[in-house]
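File shown here: model-v1.cif, holding mmCIF, C-alpha atoms.
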```cif
data_protein
loop_
_atom_site.label_atom_id
_atom_site.label_comp_id
_atom_site.auth_asym_id
_atom_site.auth_seq_id
_atom_site.Cartn_x
_atom_site.Cartn_y
_atom_site.Cartn_z
CA MET A 1175 -8.97 -7.38 -7.48
CA LEU A 1176 -6.43 -5.77 -9.76
CA VAL A 1177 -5.40 -2.13 -9.81
CA GLU A 1178 -4.78 -1.07 -13.39
CA THR A 1179 -2.06 1.40 -14.34
CA GLY A 1180 -2.50 1.23 -18.09
CA LEU A 1181 -6.20 1.79 -18.77
CA SER A 1182 -8.49 4.78 -18.52
CA SER A 1183 -12.20 5.07 -19.06
CA GLU A 1184 -12.35 8.34 -20.97
CA LYS A 1185 -9.64 10.47 -22.54
CA THR A 1186 -9.73 13.40 -24.88
CA ASN A 1187 -7.13 13.14 -27.61
CA VAL A 1188 -5.94 16.70 -27.28
CA PRO A 1189 -2.14 16.90 -26.80
CA SER A 1190 -2.38 20.26 -25.02
CA SER A 1191 -4.59 18.75 -22.28
CA ILE A 1192 -1.76 16.84 -20.66
CA ASN A 1193 1.33 18.05 -18.78
CA LEU A 1194 4.72 16.38 -18.68
CA GLU A 1195 4.45 15.41 -15.01
CA ASP A 1196 1.13 13.65 -15.71
CA LEU A 1197 3.04 10.94 -17.60
CA PHE A 1198 4.98 9.73 -14.55
CA ASP A 1199 4.42 8.69 -10.95
CA SER A 1200 6.40 10.41 -8.22
CA SER A 1201 5.19 8.12 -5.41
CA ARG A 1202 5.87 4.38 -5.30
CA ILE A 1203 2.97 3.35 -3.07
CA LEU A 1204 -0.35 4.31 -4.66
CA VAL A 1205 -2.54 3.17 -1.76
CA SER A 1206 -0.97 2.62 1.67
CA PRO A 1207 -1.97 -0.65 3.38
CA LYS A 1208 -3.21 -0.71 6.96
CA LEU A 1209 -0.40 -0.74 9.51
CA TYR A 1210 -1.18 -4.13 11.04
CA LYS A 1211 -1.29 -5.74 7.58
CA ALA A 1212 2.08 -4.24 6.71
CA VAL A 1213 3.63 -5.50 9.97
CA LEU A 1214 2.27 -9.02 9.49
CA TYR A 1215 3.37 -9.10 5.85
CA PHE A 1216 6.94 -7.87 6.50
CA PRO A 1217 8.55 -11.29 7.31
CA PHE A 1218 6.86 -12.83 4.28
CA ALA A 1219 8.13 -9.97 2.11
CA LEU A 1220 11.73 -10.58 3.22
CA LEU A 1221 11.39 -14.28 2.46
CA LEU A 1222 10.01 -13.52 -1.00
CA LEU A 1223 12.83 -11.07 -1.68
CA LEU A 1224 15.64 -13.48 -0.79
CA THR A 1225 14.04 -16.43 -2.59
CA ARG A 1226 13.40 -14.47 -5.76
CA LEU A 1227 16.85 -12.90 -5.86
CA ILE A 1228 18.52 -16.32 -5.71
CA ALA A 1229 16.06 -17.95 -8.11
CA GLY A 1230 16.25 -15.04 -10.55
CA VAL A 1231 20.06 -15.03 -10.85
CA LEU A 1232 20.32 -18.82 -11.17
CA GLY A 1233 17.43 -18.97 -13.60
CA PHE A 1234 18.80 -16.35 -15.97
CA LEU A 1235 22.22 -18.02 -15.95
CA ILE A 1236 20.56 -21.26 -17.03
CA LEU A 1237 18.65 -19.47 -19.80
CA LEU A 1238 21.87 -18.13 -21.27
CA LEU A 1239 23.06 -21.70 -21.86
CA LEU A 1240 19.97 -22.74 -23.86
CA PRO A 1241 19.12 -21.98 -27.53
CA GLN A 1242 16.93 -18.92 -27.78
CA LYS A 1243 14.07 -20.61 -29.67
CA SER A 1244 14.08 -23.97 -27.87
CA GLN A 1245 10.86 -25.21 -26.28
CA LYS A 1246 12.71 -26.21 -23.11
CA ARG A 1247 13.99 -22.67 -22.70
CA SER A 1248 10.49 -21.22 -23.12
CA THR A 1249 9.14 -23.57 -20.45
CA ILE A 1250 11.94 -22.69 -18.01
CA LEU A 1251 11.42 -18.96 -18.63
CA LYS A 1252 7.72 -19.20 -17.81
CA GLY A 1253 8.55 -21.13 -14.64
CA ILE A 1254 11.09 -18.52 -13.56
CA CYS A 1255 8.56 -15.75 -14.07
CA LYS A 1256 6.04 -17.51 -11.86
CA VAL A 1257 8.65 -17.83 -9.11
CA LEU A 1258 9.44 -14.12 -9.48
CA GLY A 1259 5.74 -13.28 -9.26
CA ILE A 1260 5.56 -12.04 -12.86
CA ILE A 1261 2.23 -13.13 -14.34
CA VAL A 1262 1.94 -12.55 -18.09
CA GLU A 1263 -1.29 -12.70 -20.10
CA VAL A 1264 -0.99 -12.63 -23.89
CA ASP A 1265 -3.44 -11.71 -26.64
CA ASP A 1266 -1.45 -12.45 -29.81
CA LYS A 1267 -4.37 -12.51 -32.24
CA TYR A 1268 -2.60 -10.25 -34.75
CA THR A 1269 0.92 -11.68 -34.41
CA ASP A 1270 2.73 -11.39 -37.75
CA GLU A 1271 5.79 -13.61 -38.11
CA ASN A 1272 6.94 -11.50 -41.07
CA ALA A 1273 7.18 -8.40 -38.88
CA LYS A 1274 10.68 -8.90 -37.47
CA LEU A 1275 10.64 -5.54 -35.63
CA MET A 1276 8.25 -5.15 -32.67
CA VAL A 1277 7.63 -1.80 -30.96
CA ALA A 1278 6.01 -1.53 -27.54
CA ASN A 1279 5.12 1.10 -24.98
CA HIS A 1280 7.40 1.07 -21.93
CA VAL A 1281 5.82 0.90 -18.45
CA SER A 1282 8.10 -1.29 -16.32
CA LEU A 1283 11.41 -3.08 -16.02
CA TRP A 1284 9.66 -6.37 -16.78
CA ASP A 1285 8.43 -5.36 -20.25
CA ARG A 1286 11.32 -7.12 -22.03
CA LEU A 1287 10.72 -10.30 -20.07
CA ALA A 1288 6.98 -10.26 -20.74
CA VAL A 1289 7.39 -9.87 -24.51
CA ASN A 1290 10.09 -12.56 -24.48
CA ILE A 1291 7.55 -14.95 -22.97
CA MET A 1292 5.13 -14.16 -25.78
CA VAL A 1293 7.77 -14.68 -28.47
CA PRO A 1294 11.57 -15.18 -28.25
CA CYS A 1295 13.16 -11.86 -29.14
CA ASN A 1296 16.24 -9.69 -28.96
CA THR A 1297 16.23 -6.12 -27.72
CA ILE A 1298 18.10 -2.86 -28.39
CA SER A 1299 20.40 -1.05 -25.96
CA LYS A 1300 21.28 2.64 -25.68
CA ASP A 1301 23.87 2.49 -28.47
CA PHE A 1302 21.55 0.52 -30.79
CA ARG A 1303 23.36 -2.72 -29.98
CA VAL A 1304 21.10 -5.75 -30.44
CA GLY A 1305 21.25 -8.51 -27.83
CA ARG A 1306 19.17 -11.13 -26.07
CA ALA A 1307 16.30 -9.66 -24.07
CA ASP A 1308 17.04 -11.89 -21.07
CA SER A 1309 20.73 -10.96 -20.91
CA LEU A 1310 21.67 -9.46 -17.53
CA SER A 1311 23.56 -6.64 -19.26
CA PHE A 1312 20.27 -5.26 -20.57
CA TRP A 1313 18.73 -4.98 -17.08
CA LYS A 1314 20.94 -2.33 -15.53
CA ASP A 1315 18.91 0.57 -16.97
CA VAL A 1316 15.16 1.13 -16.84
CA ASP A 1317 15.20 3.86 -19.49
CA ILE A 1318 17.05 3.41 -22.79
CA PRO A 1319 17.38 6.89 -24.35
CA HIS A 1320 18.69 7.24 -27.90
CA PRO A 1321 20.13 10.78 -28.19
CA ARG A 1322 21.24 10.55 -31.82
CA ASP A 1323 19.77 9.75 -35.21
CA LEU A 1324 20.74 6.68 -37.16
CA THR A 1325 22.97 7.10 -40.20
CA ASN A 1326 21.97 5.57 -43.54
CA GLU A 1327 24.68 2.94 -43.10
CA GLU A 1328 23.33 1.96 -39.69
CA ILE A 1329 19.77 1.78 -41.02
CA VAL A 1330 20.80 -0.50 -43.88
CA ALA A 1331 22.89 -2.68 -41.55
CA PHE A 1332 20.02 -2.98 -39.06
CA GLN A 1333 17.49 -3.85 -41.75
CA MET A 1334 19.80 -6.53 -43.13
CA PHE A 1335 20.25 -7.88 -39.61
CA ILE A 1336 16.55 -8.23 -38.81
CA GLU A 1337 15.73 -9.66 -42.24
CA GLY A 1338 18.44 -12.30 -41.88
CA SER A 1339 17.65 -13.15 -38.26
CA SER A 1340 15.27 -15.90 -37.20
CA VAL A 1341 14.62 -14.05 -33.91
CA ARG A 1342 12.49 -10.93 -33.78
CA VAL A 1343 13.71 -7.62 -32.33
CA LEU A 1344 11.91 -5.63 -29.62
CA HIS A 1345 12.21 -1.85 -29.45
CA PHE A 1346 10.81 0.74 -27.02
CA PRO A 1347 10.52 3.89 -29.19
CA GLU A 1348 9.54 6.06 -26.20
CA CYS A 1349 13.08 5.42 -24.84
CA ALA A 1350 11.80 5.86 -21.26
CA THR A 1351 9.14 4.43 -18.98
CA THR A 1352 5.85 6.17 -18.23
CA ASN A 1353 3.03 5.35 -15.81
CA GLY A 1354 0.85 4.16 -18.70
CA LYS A 1355 -2.13 6.12 -17.41
CA ASN A 1356 -2.38 9.25 -19.54
CA GLY A 1357 -0.20 9.38 -22.63
CA LEU A 1358 2.73 8.15 -24.70
CA LEU A 1359 6.06 9.91 -25.11
CA LYS A 1360 7.10 10.92 -28.61
CA PHE A 1361 8.55 7.97 -30.52
CA HIS A 1362 12.20 8.09 -31.52
CA PRO A 1363 12.09 8.03 -35.36
CA GLY A 1364 15.43 6.22 -35.87
CA LEU A 1365 14.31 2.63 -36.47
CA PHE A 1366 11.18 3.73 -38.31
CA SER A 1367 13.45 4.49 -41.26
CA THR A 1368 13.52 0.80 -42.17
CA ASN A 1369 11.23 -0.62 -44.82
CA SER A 1370 10.42 -3.71 -42.77
CA PRO A 1371 6.92 -4.29 -41.32
CA ILE A 1372 6.52 -3.21 -37.69
CA GLN A 1373 4.39 -5.06 -35.13
CA PRO A 1374 2.93 -2.81 -32.39
CA VAL A 1375 2.65 -4.45 -28.96
CA LEU A 1376 0.59 -2.92 -26.15
CA ILE A 1377 1.68 -3.50 -22.54
CA HIS A 1378 -0.49 -2.92 -19.46
CA VAL A 1379 0.86 -3.49 -15.95
CA SER A 1380 -1.03 -3.87 -12.68
CA SER A 1381 -0.45 -5.03 -9.12
CA SER A 1382 -2.51 -6.79 -6.47
CA SER A 1383 -4.89 -4.80 -4.29
CA PHE A 1384 -2.92 -5.61 -1.11
CA MET A 1385 -0.46 -2.80 -1.78
CA PRO A 1386 -0.89 -1.17 -5.20
CA ILE A 1387 2.42 0.31 -6.31
CA SER A 1388 3.82 2.06 -9.33
CA PRO A 1389 6.28 -0.28 -11.08
CA SER A 1390 8.51 2.66 -12.01
CA VAL A 1391 8.71 6.17 -10.56
CA LEU A 1392 10.69 9.28 -11.45
CA GLY A 1393 14.36 8.85 -10.65
CA SER A 1394 14.09 5.17 -9.75
CA THR A 1395 16.82 2.66 -10.60
CA ALA A 1396 16.51 -0.88 -11.91
CA TRP A 1397 17.45 -2.34 -8.52
CA THR A 1398 14.80 -0.24 -6.77
CA ASP A 1399 12.12 -1.45 -9.17
CA ILE A 1400 13.25 -5.06 -8.69
CA PHE A 1401 13.13 -4.72 -4.89
CA TRP A 1402 9.55 -3.44 -4.83
CA SER A 1403 8.41 -6.03 -7.36
CA PHE A 1404 10.03 -8.92 -5.48
CA ILE A 1405 8.41 -8.13 -2.12
CA LEU A 1406 4.90 -8.12 -3.61
CA PRO A 1407 2.90 -11.31 -4.18
CA SER A 1408 2.47 -10.71 -7.92
CA THR A 1409 2.88 -8.25 -10.76
CA PHE A 1410 0.57 -8.67 -13.73
CA LEU A 1411 1.43 -7.76 -17.31
CA ARG A 1412 -1.07 -7.99 -20.15
CA LEU A 1413 0.22 -7.98 -23.73
CA LYS A 1414 -1.78 -7.39 -26.87
CA THR A 1415 -0.56 -7.29 -30.47
CA LEU A 1416 -1.95 -4.96 -33.13
CA PRO A 1417 -1.90 -5.56 -36.88
CA SER A 1418 1.54 -4.94 -38.36
CA MET A 1419 2.20 -1.59 -40.06
CA VAL A 1420 4.36 -0.63 -43.05
CA ARG A 1421 5.82 2.75 -43.96
CA PHE A 1422 4.28 4.34 -47.05
CA PRO A 1423 6.60 5.00 -50.03
CA GLU A 1424 6.56 8.82 -49.60
CA GLU A 1425 6.25 8.77 -45.81
CA SER A 1426 9.17 10.04 -43.73
CA ALA A 1427 10.47 8.15 -40.70
CA SER A 1428 9.18 10.91 -38.43
CA ASP A 1429 5.67 10.79 -39.91
CA PHE A 1430 5.63 7.00 -39.72
CA SER A 1431 6.67 7.05 -36.07
CA LYS A 1432 3.87 9.53 -35.32
CA ARG A 1433 1.34 7.32 -37.10
CA VAL A 1434 2.39 4.28 -35.10
CA GLN A 1435 2.33 6.32 -31.88
CA GLN A 1436 -1.20 7.57 -32.63
CA THR A 1437 -2.38 4.05 -33.47
CA MET A 1438 -1.03 2.58 -30.23
CA ALA A 1439 -2.30 5.50 -28.15
CA SER A 1440 -5.78 5.19 -29.62
CA ALA A 1441 -5.86 1.45 -28.90
CA MET A 1442 -4.95 2.11 -25.25
CA ASP A 1443 -7.15 5.20 -24.90
CA LEU A 1444 -4.11 7.37 -24.23
CA ILE A 1445 -2.89 10.70 -25.60
CA PRO A 1446 0.06 10.83 -28.05
CA THR A 1447 2.27 13.65 -26.76
CA ALA A 1448 5.25 15.57 -28.13
CA PHE A 1449 7.26 15.13 -24.91
CA THR A 1450 10.48 13.12 -25.28
CA SER A 1451 12.71 11.02 -23.03
CA SER A 1452 15.04 14.04 -22.81
CA ASP A 1453 12.21 16.00 -21.22
CA LYS A 1454 11.87 13.27 -18.60
CA GLU A 1455 15.61 13.43 -17.89
CA GLU A 1456 15.42 17.18 -17.35
CA LEU A 1457 12.37 16.79 -15.11
CA VAL A 1458 14.23 14.26 -12.94
CA LYS A 1459 17.24 16.59 -12.66
CA ARG A 1460 15.01 19.48 -11.62
CA LEU A 1461 13.32 17.41 -8.92
CA GLN A 1462 16.67 16.16 -7.63
CA THR A 1463 18.02 19.70 -7.51
CA SER A 1464 14.94 20.90 -5.63
CA ALA A 1465 15.28 18.04 -3.13
CA LEU A 1466 18.89 19.02 -2.39
CA THR A 1467 17.95 22.62 -1.69
CA ALA A 1468 17.96 23.15 2.08
CA VAL A 1469 14.99 24.86 3.73
CA PRO A 1470 16.18 28.07 5.54
CA PRO A 1471 15.80 28.02 9.37
CA GLY A 1472 12.68 29.64 10.76
CA ARG A 1473 10.50 28.80 7.78
CA SER A 1474 7.38 26.93 8.72
CA LYS A 1475 6.62 23.45 7.42
CA VAL A 1476 3.44 24.75 5.80
CA GLU A 1477 5.34 27.38 3.80
CA SER A 1478 7.93 24.80 2.76
CA SER A 1479 5.24 22.33 1.72
CA ASN A 1480 3.42 24.97 -0.31
CA LYS A 1481 6.61 25.97 -2.09
CA ASN A 1482 7.50 22.35 -2.94
CA SER A 1483 3.99 21.73 -4.23
CA GLN A 1484 4.18 24.85 -6.38
CA GLN A 1485 7.54 23.75 -7.84
CA LEU A 1486 6.30 20.22 -8.61
CA SER A 1487 2.99 21.26 -10.16
CA GLY A 1488 4.38 24.28 -11.94
CA LEU A 1489 6.98 22.57 -14.09
CA TRP A 1490 6.93 23.84 -17.67
CA ARG A 1491 4.45 26.58 -16.67
CA PRO A 1492 5.00 30.31 -16.22
CA THR A 1493 6.23 31.20 -12.75
CA GLN A 1494 4.23 33.68 -10.68
CA SER A 1495 5.65 37.14 -10.40
CA MET A 1496 7.54 37.95 -7.23
CA SER A 1497 7.66 41.29 -5.50
CA THR A 1498 11.05 40.80 -3.81
CA PRO A 1499 14.18 42.43 -5.20
CA THR A 1500 15.76 39.00 -5.79
CA GLN A 1501 13.26 38.01 -8.44
CA LYS A 1502 15.93 36.99 -10.95
CA LEU A 1503 17.71 34.82 -8.40
CA THR A 1504 14.78 32.75 -7.15
CA LEU A 1505 15.15 29.02 -6.60
CA ASN A 1506 11.99 28.46 -8.63
CA THR A 1507 13.46 28.25 -12.13
CA ALA A 1508 10.50 26.80 -13.99
CA ALA A 1509 10.64 27.66 -17.66
CA GLU A 1510 8.28 30.40 -18.86
CA THR A 1511 8.06 28.74 -22.25
CA PHE A 1512 8.80 25.22 -23.44
CA GLY A 1513 11.32 25.13 -26.28
CA LYS A 1514 10.19 23.59 -29.54
CA SER A 1515 13.57 22.03 -30.36
CA PRO A 1516 16.11 20.12 -28.22
CA LYS A 1517 18.62 22.95 -28.84
CA GLU A 1518 16.23 25.57 -27.43
CA ARG A 1519 15.38 23.38 -24.42
CA MET A 1520 19.07 22.77 -23.68
CA ALA A 1521 19.82 26.51 -23.87
CA SER A 1522 16.89 27.20 -21.53
CA TYR A 1523 18.10 24.51 -19.15
CA GLN A 1524 21.65 25.91 -19.02
CA GLU A 1525 20.35 29.42 -18.33
CA ARG A 1526 18.01 28.28 -15.55
CA ARG A 1527 20.74 26.09 -14.05
CA LYS A 1528 23.07 29.11 -13.85
CA ILE A 1529 20.36 31.16 -12.12
CA LEU A 1530 19.61 28.33 -9.69
CA LEU A 1531 23.27 27.93 -8.68
CA GLU A 1532 23.68 31.67 -8.12
CA ALA A 1533 20.51 31.79 -6.01
CA ALA A 1534 21.69 28.86 -3.90
CA ARG A 1535 25.08 30.55 -3.40
CA GLN A 1536 23.47 33.78 -2.21
CA LYS A 1537 21.18 31.93 0.20
CA TYR A 1538 24.17 30.08 1.64
CA LEU A 1539 26.06 33.36 2.17
CA GLU A 1540 23.02 34.96 3.82
CA LYS A 1541 22.47 31.93 6.06
CA HIS A 1542 26.05 31.98 7.39
CA ASN A 1543 26.32 35.80 7.50
CA PHE A 1544 29.23 35.95 5.03
#
```

Rewrite the structure from the file as structure tokens, please.
Amino acid sequence: MLVETGLSSEKTNVPSSINLEDLFDSSRILVSPKLYKAVLYFPFALLLLLTRLIAGVLGFLILLLLPQKSQKRSTILKGICKVLGIIVEVDDKYTDENAKLMVANHVSLWDRLAVNIMVPCNTISKDFRVGRADSLSFWKDVDIPHPRDLTNEEIVAFQMFIEGSSVRVLHFPECATTNGKNGLLKFHPGLFSTNSPIQPVLIHVSSSSFMPISPSVLGSTAWTDIFWSFILPSTFLRLKTLPSMVRFPEESASDFSKRVQQTMASAMDLIPTAFTSSDKEELVKRLQTSALTAVPPGRSKVESSNKNSQQLSGLWRPTQSMSTPTQKLTLNTAAETFGKSPKERMASYQERRKILLEAARQKYLEKHNF
């Protein structure tokens, strides 16, 4: 039995019906296994981890020595994936060889590898540098945010590159991973400025029923994701191509990116949202700051648990009014409104960060009777 993390039975395509935190998992283990099963499985998990680490490093080094479009390389790559427990199923009915640019939703660290099994491809790094998808340098980051817009010169250079290349290019326009259960992040419009056809690729990830896990959680690193994947028997990725899409003559890059996002979301029964990868970064920072905040002595575990639950579920929502005199210096700095532009959100973040630091300072002074 498989536990899906990319499909949902019914969704209502109303952007306001989904919150930012609904797009991500905060817990790695979705369903805890029974204790005796976990104890019996532990030695086998260690063996899998060591075997796959050695096989993975050696295998990728061998791949770097082979031509990217060779049949031998494709066979070796599929064999390596089986050793690593990465099972890829492909539905490439609508594959268009003329669409040199592929865009896919981002749900796990293994997305690049899965698409590379379907078709040899390059990928794009944070600074829009194009390189081989199986290069080790592209595996150090799970998220690949693009904080700036492309210049006209960069757009022309990129379009000339993909048109002159025999290898297709894979791009994750969300610029960050999600849990694939509820919605898609807003697509970065940069590469949608090109006039080349774009091939949408849908990715669904699932794990075995023994210990269903989330392949990527808030604040996780690439090495953490690799560890959890390597100790499990298998991770399943299902790929499906959609018909290629072309930007209309009078259509802006932003409008085209929204159209592609809506098309992919509809095909996966998800909601296209206006949240961006920058919003995810701020959410992670807020959770990390909350985790570092010490609980004052004498406070009960129930009160602490209630406060943490309120902070996690109340992100981007109005905070409840407080009757204490220190209302402006509370540690709960959830924004009362969500800024419409990155500039407004950054200004709101700086203001709330200042309040949070001052509140933490006062609590420290009160705790030590300074």

Have a look at A:Ile1400, A:Leu1392, A:Met1442, A:Leu1324 and name the one nearest to Leu1457 of chain A; count all atoms listed in the file.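 Among A:Ile1400, A:Leu1392, A:Met1442, A:Leu1324, it is A:Leu1392 that comes nearest to Leu1457 of chain A.
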
Using only C-alpha atoms, which residues sit within 12 Å of Val1277 of chain A once same-chain residues fewer than 4 positions away are excluded, as a PDB file with C-alpha atoms, keeping the file's coordinate frame?
```pdb
ATOM      1  CA  ALA A1273       7.180  -8.400 -38.880  1.00  0.00           C
ATOM      2  CA  ASP A1285       8.430  -5.360 -20.250  1.00  0.00           C
ATOM      3  CA  ARG A1286      11.320  -7.120 -22.030  1.00  0.00           C
ATOM      4  CA  VAL A1289       7.390  -9.870 -24.510  1.00  0.00           C
ATOM      5  CA  CYS A1295      13.160 -11.860 -29.140  1.00  0.00           C
ATOM      6  CA  ASN A1296      16.240  -9.690 -28.960  1.00  0.00           C
ATOM      7  CA  THR A1297      16.230  -6.120 -27.720  1.00  0.00           C
ATOM      8  CA  ILE A1298      18.100  -2.860 -28.390  1.00  0.00           C
ATOM      9  CA  ARG A1342      12.490 -10.930 -33.780  1.00  0.00           C
ATOM     10  CA  VAL A1343      13.710  -7.620 -32.330  1.00  0.00           C
ATOM     11  CA  LEU A1344      11.910  -5.630 -29.620  1.00  0.00           C
ATOM     12  CA  HIS A1345      12.210  -1.850 -29.450  1.00  0.00           C
ATOM     13  CA  PHE A1346      10.810   0.740 -27.020  1.00  0.00           C
ATOM     14  CA  PRO A1347      10.520   3.890 -29.190  1.00  0.00           C
ATOM     15  CA  GLU A1348       9.540   6.060 -26.200  1.00  0.00           C
ATOM     16  CA  CYS A1349      13.080   5.420 -24.840  1.00  0.00           C
ATOM     17  CA  PHE A1361       8.550   7.970 -30.520  1.00  0.00           C
ATOM     18  CA  HIS A1362      12.200   8.090 -31.520  1.00  0.00           C
ATOM     19  CA  PRO A1363      12.090   8.030 -35.360  1.00  0.00           C
ATOM     20  CA  LEU A1365      14.310   2.630 -36.470  1.00  0.00           C
ATOM     21  CA  PHE A1366      11.180   3.730 -38.310  1.00  0.00           C
ATOM     22  CA  PRO A1371       6.920  -4.290 -41.320  1.00  0.00           C
ATOM     23  CA  ILE A1372       6.520  -3.210 -37.690  1.00  0.00           C
ATOM     24  CA  GLN A1373       4.390  -5.060 -35.130  1.00  0.00           C
ATOM     25  CA  PRO A1374       2.930  -2.810 -32.390  1.00  0.00           C
ATOM     26  CA  VAL A1375       2.650  -4.450 -28.960  1.00  0.00           C
ATOM     27  CA  LEU A1376       0.590  -2.920 -26.150  1.00  0.00           C
ATOM     28  CA  ILE A1377       1.680  -3.500 -22.540  1.00  0.00           C
ATOM     29  CA  LYS A1414      -1.780  -7.390 -26.870  1.00  0.00           C
ATOM     30  CA  THR A1415      -0.560  -7.290 -30.470  1.00  0.00           C
ATOM     31  CA  LEU A1416      -1.950  -4.960 -33.130  1.00  0.00           C
ATOM     32  CA  PRO A1417      -1.900  -5.560 -36.880  1.00  0.00           C
ATOM     33  CA  SER A1418       1.540  -4.940 -38.360  1.00  0.00           C
ATOM     34  CA  MET A1419       2.200  -1.590 -40.060  1.00  0.00           C
ATOM     35  CA  SER A1431       6.670   7.050 -36.070  1.00  0.00           C
ATOM     36  CA  VAL A1434       2.390   4.280 -35.100  1.00  0.00           C
ATOM     37  CA  GLN A1435       2.330   6.320 -31.880  1.00  0.00           C
ATOM     38  CA  THR A1437      -2.380   4.050 -33.470  1.00  0.00           C
ATOM     39  CA  MET A1438      -1.030   2.580 -30.230  1.00  0.00           C
TER      40      MET A1438
END
```

What's around Val1379 of chain A at 12 Å? Count only C-alpha atoms, leave out sequence neighbours fewer than 2 positions away in its own chain, and write the answer as a ChimeraX atom specification. /A:1176-1181,1260-1263,1279-1285,1288,1351-1355,1376-1377,1381-1382,1386-1390,1403,1408-1414

Expressed in Å to a single decimal, how great is the separation between atom CA of Pro1207 of chain A and atom CA of Ile1405 of chain A? 13.9 Å

Provide the atom CA of Gly1338 of chain A to atom CA of Asn1369 of chain A distance in Å, to one decimal place.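 Interatomic distance, atom CA of Gly1338 of chain A to atom CA of Asn1369 of chain A: 14.0 Å.
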
Using only C-alpha atoms, can you tell me which of A:Lys1256, A:Asn1193, A:Val1420, A:Ser1452 comes closest to Met1276 of chain A?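 Closest residue, counting only C-alpha atoms: A:Val1420.
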
Mind pulling up the distance from atom CA of Gln1242 of chain A to atom CA of Asn1326 of chain A?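 Value for the atom CA of Asn1326 of chain A-atom CA of Gln1242 of chain A distance: 29.6 Å.
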
Nearby residues (only C-alpha atoms) at most 12 Å from Phe1401 of chain A, same-chain spacing under 6 positions excluded, as number ranges by chain: A: 1202, 1219-1220, 1222-1227, 1258, 1283, 1387, 1389-1390, 1394-1395

Residues picked by the PyMOL selection byres ((chain A and resi 1206) around 9) here, as a compact mmCIF listing (two decimals) with C-alpha atoms, in the frame of the given file?
```
# COMPACT_ATOMS: atom_id res chain seq x y z
CA ILE A 1203 2.97 3.35 -3.07
CA LEU A 1204 -0.35 4.31 -4.66
CA VAL A 1205 -2.54 3.17 -1.76
CA PRO A 1207 -1.97 -0.65 3.38
CA LYS A 1208 -3.21 -0.71 6.96
CA LEU A 1209 -0.40 -0.74 9.51
CA PHE A 1384 -2.92 -5.61 -1.11
CA MET A 1385 -0.46 -2.80 -1.78
CA PRO A 1386 -0.89 -1.17 -5.20
CA ILE A 1387 2.42 0.31 -6.31
```

Using only C-alpha atoms, which of the listed residues (A:Asp1270, A:Leu1239, A:Ala1350, A:Ala1427) sits closest to Ser1451 of chain A? A:Ala1350

Best match for closeness to Ile1445 of chain A among A:Arg1247, A:Arg1526, A:Lys1432, A:Arg1421, counting only C-alpha atoms: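 The closest residue to Ile1445 of chain A is A:Lys1432.
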
So, counting only C-alpha atoms, which residue among A:Ala1533, A:Ile1192, A:Leu1221, A:Val1293 is closest to Pro1407 of chain A?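 Of the candidates, the smallest distance to Pro1407 of chain A is held by A:Leu1221.
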
Pick out the closest residue to Pro1294 of chain A from this set: A:Leu1358, A:Leu1197, A:Thr1398, A:Ser1339. Count all atoms listed in the file.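 Smallest separation from Pro1294 of chain A among the options: A:Ser1339.
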